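What follows is the content of structure.pdb, which has PDB, C-alpha atoms:
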```pdb
ATOM      1  CA  MET C1240     -15.280 -25.702  -7.004  1.00  0.00           C
ATOM      2  CA  THR C1241     -13.614 -24.807  -3.716  1.00  0.00           C
ATOM      3  CA  SER C1242     -13.889 -21.061  -4.272  1.00  0.00           C
ATOM      4  CA  PHE C1243     -15.566 -18.752  -6.744  1.00  0.00           C
ATOM      5  CA  TRP C1244     -12.092 -17.370  -7.486  1.00  0.00           C
ATOM      6  CA  THR C1245     -10.446 -20.748  -8.176  1.00  0.00           C
ATOM      7  CA  GLY C1246     -10.534 -22.581 -11.476  1.00  0.00           C
ATOM      8  CA  GLN C1247      -8.791 -25.693 -12.790  1.00  0.00           C
ATOM      9  CA  ARG C1248      -5.439 -23.965 -13.406  1.00  0.00           C
ATOM     10  CA  VAL C1249      -5.507 -20.632 -11.565  1.00  0.00           C
ATOM     11  CA  ARG C1250      -6.620 -18.852  -8.454  1.00  0.00           C
ATOM     12  CA  LEU C1251      -7.340 -15.132  -8.362  1.00  0.00           C
ATOM     13  CA  ARG C1252      -6.373 -13.364  -5.162  1.00  0.00           C
ATOM     14  CA  GLY C1253      -5.762  -9.909  -3.799  1.00  0.00           C
ATOM     15  CA  ILE C1254      -2.410  -8.232  -4.184  1.00  0.00           C
ATOM     16  CA  GLU C1255      -0.074  -8.638  -1.213  1.00  0.00           C
ATOM     17  CA  PRO C1256       2.893  -6.357  -0.443  1.00  0.00           C
ATOM     18  CA  GLY C1257       5.282  -9.185  -1.380  1.00  0.00           C
ATOM     19  CA  ASP C1258       3.901  -9.267  -4.942  1.00  0.00           C
ATOM     20  CA  TRP C1259       5.902  -6.159  -5.897  1.00  0.00           C
ATOM     21  CA  ALA C1260       8.646  -8.183  -7.630  1.00  0.00           C
ATOM     22  CA  ALA C1261       6.117  -9.936  -9.888  1.00  0.00           C
ATOM     23  CA  PHE C1262       4.642  -6.606 -10.968  1.00  0.00           C
ATOM     24  CA  ARG C1263       8.145  -5.350 -11.671  1.00  0.00           C
ATOM     25  CA  ARG C1264       8.620  -8.363 -13.984  1.00  0.00           C
ATOM     26  CA  PHE C1265       5.275  -7.665 -15.672  1.00  0.00           C
ATOM     27  CA  ALA C1266       6.372  -4.076 -16.328  1.00  0.00           C
ATOM     28  CA  ALA C1267       9.648  -5.287 -17.860  1.00  0.00           C
ATOM     29  CA  ASP C1268       7.707  -7.724 -20.087  1.00  0.00           C
ATOM     30  CA  GLU C1269       5.395  -4.926 -21.266  1.00  0.00           C
ATOM     31  CA  GLU C1270       8.387  -2.795 -22.188  1.00  0.00           C
ATOM     32  CA  ARG C1271      10.124  -5.672 -24.059  1.00  0.00           C
ATOM     33  CA  SER C1272       6.950  -6.448 -26.013  1.00  0.00           C
ATOM     34  CA  GLY C1273       6.555  -2.825 -27.056  1.00  0.00           C
ATOM     35  CA  ASP C1274       3.286  -2.344 -25.170  1.00  0.00           C
ATOM     36  CA  VAL C1275       4.539   0.528 -23.035  1.00  0.00           C
ATOM     37  CA  LEU C1276       7.657   2.543 -22.393  1.00  0.00           C
ATOM     38  CA  ARG C1277       7.998   4.375 -19.105  1.00  0.00           C
ATOM     39  CA  PRO C1278      10.984   5.793 -17.241  1.00  0.00           C
ATOM     40  CA  PRO C1279      12.712   3.195 -15.045  1.00  0.00           C
ATOM     41  CA  ARG C1280      11.134   2.741 -11.619  1.00  0.00           C
ATOM     42  CA  SER C1281      12.870   1.848  -8.410  1.00  0.00           C
ATOM     43  CA  ALA C1282      12.208  -1.330  -6.506  1.00  0.00           C
ATOM     44  CA  GLU C1283      10.894   0.869  -3.687  1.00  0.00           C
ATOM     45  CA  SER C1284       8.278   2.415  -5.991  1.00  0.00           C
ATOM     46  CA  PHE C1285       6.980  -1.089  -6.818  1.00  0.00           C
ATOM     47  CA  ARG C1286       7.020  -1.985  -3.105  1.00  0.00           C
ATOM     48  CA  ALA C1287       5.044   1.152  -2.228  1.00  0.00           C
ATOM     49  CA  TRP C1288       2.544   0.492  -5.034  1.00  0.00           C
ATOM     50  CA  ALA C1289       2.008  -3.121  -3.901  1.00  0.00           C
ATOM     51  CA  ARG C1290       1.537  -1.994  -0.267  1.00  0.00           C
ATOM     52  CA  GLU C1291      -1.063   0.527  -1.427  1.00  0.00           C
ATOM     53  CA  GLN C1292      -2.881  -2.075  -3.563  1.00  0.00           C
ATOM     54  CA  ALA C1293      -2.908  -4.525  -0.644  1.00  0.00           C
ATOM     55  CA  THR C1294      -4.959  -2.064   1.389  1.00  0.00           C
ATOM     56  CA  ALA C1295      -6.998  -0.462  -1.401  1.00  0.00           C
ATOM     57  CA  ALA C1296     -10.669   0.183  -0.711  1.00  0.00           C
ATOM     58  CA  GLU C1297     -13.157  -2.251  -2.150  1.00  0.00           C
ATOM     59  CA  GLY C1298     -15.254  -1.423  -5.196  1.00  0.00           C
ATOM     60  CA  ASP C1299     -15.654  -2.473  -8.793  1.00  0.00           C
ATOM     61  CA  CYS C1300     -12.243  -1.198  -9.921  1.00  0.00           C
ATOM     62  CA  PHE C1301      -9.498  -3.492  -8.670  1.00  0.00           C
ATOM     63  CA  ARG C1302      -6.605  -5.676  -9.756  1.00  0.00           C
ATOM     64  CA  LEU C1303      -6.068  -9.308  -8.752  1.00  0.00           C
ATOM     65  CA  VAL C1304      -3.054 -11.598  -8.924  1.00  0.00           C
ATOM     66  CA  ILE C1305      -3.303 -14.674 -11.162  1.00  0.00           C
ATOM     67  CA  GLU C1306      -1.669 -17.560  -9.337  1.00  0.00           C
ATOM     68  CA  ALA C1307      -0.926 -20.946 -10.971  1.00  0.00           C
ATOM     69  CA  LEU C1308      -2.493 -23.693  -8.871  1.00  0.00           C
ATOM     70  CA  ASP C1309       0.154 -26.298  -9.691  1.00  0.00           C
ATOM     71  CA  THR C1310       3.129 -24.157  -8.599  1.00  0.00           C
ATOM     72  CA  GLY C1311       1.644 -21.341  -6.498  1.00  0.00           C
ATOM     73  CA  GLU C1312       3.593 -18.949  -8.711  1.00  0.00           C
ATOM     74  CA  THR C1313       2.303 -15.489  -9.637  1.00  0.00           C
ATOM     75  CA  VAL C1314       1.857 -15.660 -13.425  1.00  0.00           C
ATOM     76  CA  GLY C1315      -0.159 -12.540 -14.217  1.00  0.00           C
ATOM     77  CA  ALA C1316      -2.756 -10.019 -13.140  1.00  0.00           C
ATOM     78  CA  VAL C1317      -6.333  -9.237 -14.115  1.00  0.00           C
ATOM     79  CA  GLY C1318      -8.700  -6.497 -13.100  1.00  0.00           C
ATOM     80  CA  SER C1319     -11.039  -3.694 -13.969  1.00  0.00           C
ATOM     81  CA  SER C1320      -9.928  -0.119 -14.536  1.00  0.00           C
ATOM     82  CA  TYR C1321     -13.324   1.523 -15.041  1.00  0.00           C
ATOM     83  CA  ALA C1322     -16.838   0.609 -13.955  1.00  0.00           C
ATOM     84  CA  ASP C1323     -20.126   2.413 -14.495  1.00  0.00           C
ATOM     85  CA  PRO C1324     -22.842   0.512 -12.588  1.00  0.00           C
ATOM     86  CA  HIS C1325     -25.560   2.852 -13.878  1.00  0.00           C
ATOM     87  CA  ALA C1326     -24.756   2.106 -17.530  1.00  0.00           C
ATOM     88  CA  GLY C1327     -23.833  -1.491 -16.661  1.00  0.00           C
ATOM     89  CA  ARG C1328     -20.435  -1.256 -18.361  1.00  0.00           C
ATOM     90  CA  PHE C1329     -16.897  -1.982 -17.182  1.00  0.00           C
ATOM     91  CA  VAL C1330     -13.424  -2.060 -18.705  1.00  0.00           C
ATOM     92  CA  TYR C1331     -11.097  -4.916 -17.885  1.00  0.00           C
ATOM     93  CA  GLY C1332      -7.500  -5.805 -18.639  1.00  0.00           C
ATOM     94  CA  ILE C1333      -5.167  -8.738 -18.229  1.00  0.00           C
ATOM     95  CA  THR C1334      -1.414  -9.183 -18.283  1.00  0.00           C
ATOM     96  CA  MET C1335       0.552 -12.404 -18.303  1.00  0.00           C
ATOM     97  CA  GLU C1336       4.241 -12.853 -17.617  1.00  0.00           C
ATOM     98  CA  ALA C1337       6.025 -13.864 -20.835  1.00  0.00           C
ATOM     99  CA  GLY C1338       6.998 -17.357 -19.658  1.00  0.00           C
ATOM    100  CA  HIS C1339       3.413 -18.195 -18.699  1.00  0.00           C
ATOM    101  CA  ARG C1340       1.580 -17.252 -21.867  1.00  0.00           C
ATOM    102  CA  ARG C1341      -0.334 -19.757 -24.021  1.00  0.00           C
ATOM    103  CA  LYS C1342      -0.934 -22.161 -21.123  1.00  0.00           C
ATOM    104  CA  GLY C1343      -4.625 -21.411 -20.564  1.00  0.00           C
ATOM    105  CA  TYR C1344      -4.040 -19.226 -17.508  1.00  0.00           C
ATOM    106  CA  ALA C1345      -5.265 -16.009 -19.132  1.00  0.00           C
ATOM    107  CA  THR C1346      -8.436 -17.607 -20.490  1.00  0.00           C
ATOM    108  CA  GLU C1347      -9.386 -19.102 -17.155  1.00  0.00           C
ATOM    109  CA  ALA C1348      -8.555 -15.940 -15.195  1.00  0.00           C
ATOM    110  CA  ALA C1349     -10.596 -13.807 -17.583  1.00  0.00           C
ATOM    111  CA  VAL C1350     -13.599 -16.152 -17.337  1.00  0.00           C
ATOM    112  CA  LEU C1351     -13.477 -16.058 -13.530  1.00  0.00           C
ATOM    113  CA  LEU C1352     -13.367 -12.252 -13.472  1.00  0.00           C
ATOM    114  CA  LEU C1353     -16.005 -11.824 -16.182  1.00  0.00           C
ATOM    115  CA  ARG C1354     -18.324 -14.269 -14.410  1.00  0.00           C
ATOM    116  CA  PHE C1355     -18.047 -12.153 -11.254  1.00  0.00           C
ATOM    117  CA  PHE C1356     -18.956  -8.935 -13.067  1.00  0.00           C
ATOM    118  CA  PHE C1357     -21.744 -10.420 -15.178  1.00  0.00           C
ATOM    119  CA  ALA C1358     -23.329 -12.915 -12.768  1.00  0.00           C
ATOM    120  CA  GLU C1359     -22.634 -11.404  -9.359  1.00  0.00           C
ATOM    121  CA  ARG C1360     -22.412  -7.662  -9.999  1.00  0.00           C
ATOM    122  CA  ARG C1361     -24.997  -7.741 -12.827  1.00  0.00           C
ATOM    123  CA  TYR C1362     -23.033  -5.687 -15.327  1.00  0.00           C
ATOM    124  CA  HIS C1363     -24.296  -5.819 -18.912  1.00  0.00           C
ATOM    125  CA  LYS C1364     -21.162  -5.159 -20.975  1.00  0.00           C
ATOM    126  CA  CYS C1365     -17.402  -5.543 -20.766  1.00  0.00           C
ATOM    127  CA  GLU C1366     -14.943  -3.563 -22.850  1.00  0.00           C
ATOM    128  CA  ALA C1367     -11.312  -4.436 -23.558  1.00  0.00           C
ATOM    129  CA  ARG C1368      -8.802  -2.136 -25.258  1.00  0.00           C
ATOM    130  CA  ILE C1369      -6.006  -3.965 -27.052  1.00  0.00           C
ATOM    131  CA  PHE C1370      -3.034  -2.716 -29.039  1.00  0.00           C
ATOM    132  CA  ALA C1371      -3.619  -3.634 -32.691  1.00  0.00           C
ATOM    133  CA  HIS C1372      -0.174  -5.225 -32.953  1.00  0.00           C
ATOM    134  CA  ASN C1373      -0.932  -7.667 -30.105  1.00  0.00           C
ATOM    135  CA  ALA C1374      -2.243 -10.567 -32.193  1.00  0.00           C
ATOM    136  CA  ALA C1375      -2.172 -13.033 -29.283  1.00  0.00           C
ATOM    137  CA  SER C1376      -4.369 -10.825 -27.085  1.00  0.00           C
ATOM    138  CA  LEU C1377      -6.786 -10.146 -29.934  1.00  0.00           C
ATOM    139  CA  ALA C1378      -7.075 -13.908 -30.549  1.00  0.00           C
ATOM    140  CA  LEU C1379      -7.607 -14.597 -26.823  1.00  0.00           C
ATOM    141  CA  HIS C1380     -10.432 -12.092 -26.657  1.00  0.00           C
ATOM    142  CA  ARG C1381     -12.105 -13.461 -29.780  1.00  0.00           C
ATOM    143  CA  ARG C1382     -11.996 -16.946 -28.206  1.00  0.00           C
ATOM    144  CA  LEU C1383     -13.594 -15.497 -25.072  1.00  0.00           C
ATOM    145  CA  GLY C1384     -16.436 -14.136 -27.225  1.00  0.00           C
ATOM    146  CA  PHE C1385     -15.421 -10.479 -27.569  1.00  0.00           C
ATOM    147  CA  VAL C1386     -16.156  -8.771 -30.875  1.00  0.00           C
ATOM    148  CA  GLU C1387     -14.325  -5.841 -32.369  1.00  0.00           C
ATOM    149  CA  GLU C1388     -16.451  -2.735 -31.919  1.00  0.00           C
ATOM    150  CA  GLY C1389     -14.033  -0.191 -33.246  1.00  0.00           C
ATOM    151  CA  ARG C1390     -10.496   0.801 -33.970  1.00  0.00           C
ATOM    152  CA  LEU C1391      -9.041   4.030 -32.667  1.00  0.00           C
ATOM    153  CA  ARG C1392      -6.561   4.954 -35.366  1.00  0.00           C
ATOM    154  CA  ASP C1393      -3.116   6.213 -34.317  1.00  0.00           C
ATOM    155  CA  HIS C1394      -4.487   6.396 -30.780  1.00  0.00           C
ATOM    156  CA  VAL C1395      -1.396   5.453 -28.768  1.00  0.00           C
ATOM    157  CA  PHE C1396       2.257   6.345 -29.206  1.00  0.00           C
ATOM    158  CA  LEU C1397       4.507   3.304 -28.765  1.00  0.00           C
ATOM    159  CA  ALA C1398       7.943   2.345 -30.007  1.00  0.00           C
ATOM    160  CA  GLY C1399       8.446   5.684 -31.696  1.00  0.00           C
ATOM    161  CA  ARG C1400       5.232   5.761 -33.696  1.00  0.00           C
ATOM    162  CA  HIS C1401       1.470   6.068 -33.402  1.00  0.00           C
ATOM    163  CA  GLN C1402      -0.446   2.807 -33.321  1.00  0.00           C
ATOM    164  CA  ASP C1403      -4.069   1.713 -33.445  1.00  0.00           C
ATOM    165  CA  LEU C1404      -6.045   0.608 -30.409  1.00  0.00           C
ATOM    166  CA  VAL C1405      -8.756  -2.006 -30.935  1.00  0.00           C
ATOM    167  CA  VAL C1406     -11.892  -1.700 -28.798  1.00  0.00           C
ATOM    168  CA  MET C1407     -13.604  -5.038 -28.181  1.00  0.00           C
ATOM    169  CA  GLY C1408     -16.843  -5.711 -26.353  1.00  0.00           C
ATOM    170  CA  LEU C1409     -18.683  -8.623 -24.783  1.00  0.00           C
ATOM    171  CA  LEU C1410     -22.281  -8.621 -23.527  1.00  0.00           C
ATOM    172  CA  ALA C1411     -23.438 -10.588 -20.497  1.00  0.00           C
ATOM    173  CA  ASP C1412     -25.798 -12.852 -22.466  1.00  0.00           C
ATOM    174  CA  GLU C1413     -23.059 -13.629 -25.020  1.00  0.00           C
ATOM    175  CA  PHE C1414     -20.711 -14.551 -22.175  1.00  0.00           C
ATOM    176  CA  ALA C1415     -23.321 -16.760 -20.493  1.00  0.00           C
ATOM    177  CA  ARG C1416     -23.921 -18.700 -23.717  1.00  0.00           C
ATOM    178  CA  LEU C1417     -20.222 -19.297 -24.333  1.00  0.00           C
ATOM    179  CA  HIS C1418     -19.161 -19.882 -20.711  1.00  0.00           C
ATOM    180  CA  PRO C1419     -22.002 -21.584 -18.831  1.00  0.00           C
ATOM    181  CA  VAL C1420     -21.552 -22.286 -15.125  1.00  0.00           C
ATOM    182  CA  ASP C1421     -20.836 -25.946 -14.417  1.00  0.00           C
ATOM    183  CA  VAL C1422     -23.325 -27.113 -11.810  1.00  0.00           C
ATOM    184  CA  PRO C1423     -22.403 -30.357 -10.012  1.00  0.00           C
TER
END
```
Can the structure in the file be given as structure tokens, please?
Amino acid sequence: MTSFWTGQRVRLRGIEPGDWAAFRRFAADEERSGDVLRPPRSAESFRAWAREQATAAEGDCFRLVIEALDTGETVGAVGSSYADPHAGRFVYGITMEAGHRRKGYATEAAVLLLRFFFAERRYHKCEARIFAHNAASLALHRRLGFVEEGRLRDHVFLAGRHQDLVVMGLLADEFARLHPVDVP
């Protein structure tokens, strides 16, 4: 392994100002898939957001770019949106551009991020919140070892109606059993 943040297929890296166009594509994908509907944003708003992310302070809440090793292309993003070091719990999320789904990128990116939080930062539990209609994401998280801990009924309003949100959890020891570190 050349870097902690590099796997067989992907590399995780910080957001650069030039990544704004990729995040604009991700937002369009989320809208097309029915995961979110927001008012249209200008290219400048994405540029400003990417500039801000590129200089964001360090901590346990951050977002990283998922880059395909074979092409160098930005294919998604992964990060944590909430972290409570005292309780040992964090919330993570992942998004993949539509044309790069089901290629193993999301699995590998998630494992790299989860390994950082569990092994390096010593968190005990990870939580993921997934729209109930997103069967592919639910399946991905089950393969990663997450278990459904609850369902928040009619919790989000999407596509003109209320929808359920599935809360999934993964403990550090469960992760370690399913995703052991390969030692040369």
Pull out every residue that the PyMOL selection byres ((chain C and resi 1254) around 9) matches in the shown coordinates and put them as a list in words.
Arg1252, Gly1253, Glu1255, Pro1256, Gly1257, Asp1258, Trp1259, Ala1289, Arg1290, Gln1292, Ala1293, Thr1294, Arg1302, Leu1303 and Val1304 of chain C
Could you list as a ChimeraX atom specification every residue that has an atom within 12 Å of (8.1, -18.7, -19.1), using the file's coordinates and counting all atoms listed in the file?
/C:1264-1265,1268,1312-1315,1335-1342
Between CA of Gly1332 in chain C and CA of Asp1393 in chain C, what is the spacing in Å?
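Rounded to one decimal, the two atoms are 20.2 Å apart.
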So what do you get for CA of Asp1299 in chain C versus CA of Ala1322 in chain C, distance-wise?
6.1 Å
Which residues come within 12 Å of Leu1377 in chain C, counting only C-alpha atoms, excluding same-chain residues fewer than 4 positions away, as number ranges by chain?
C: 1333, 1367-1373, 1381-1387, 1404-1408
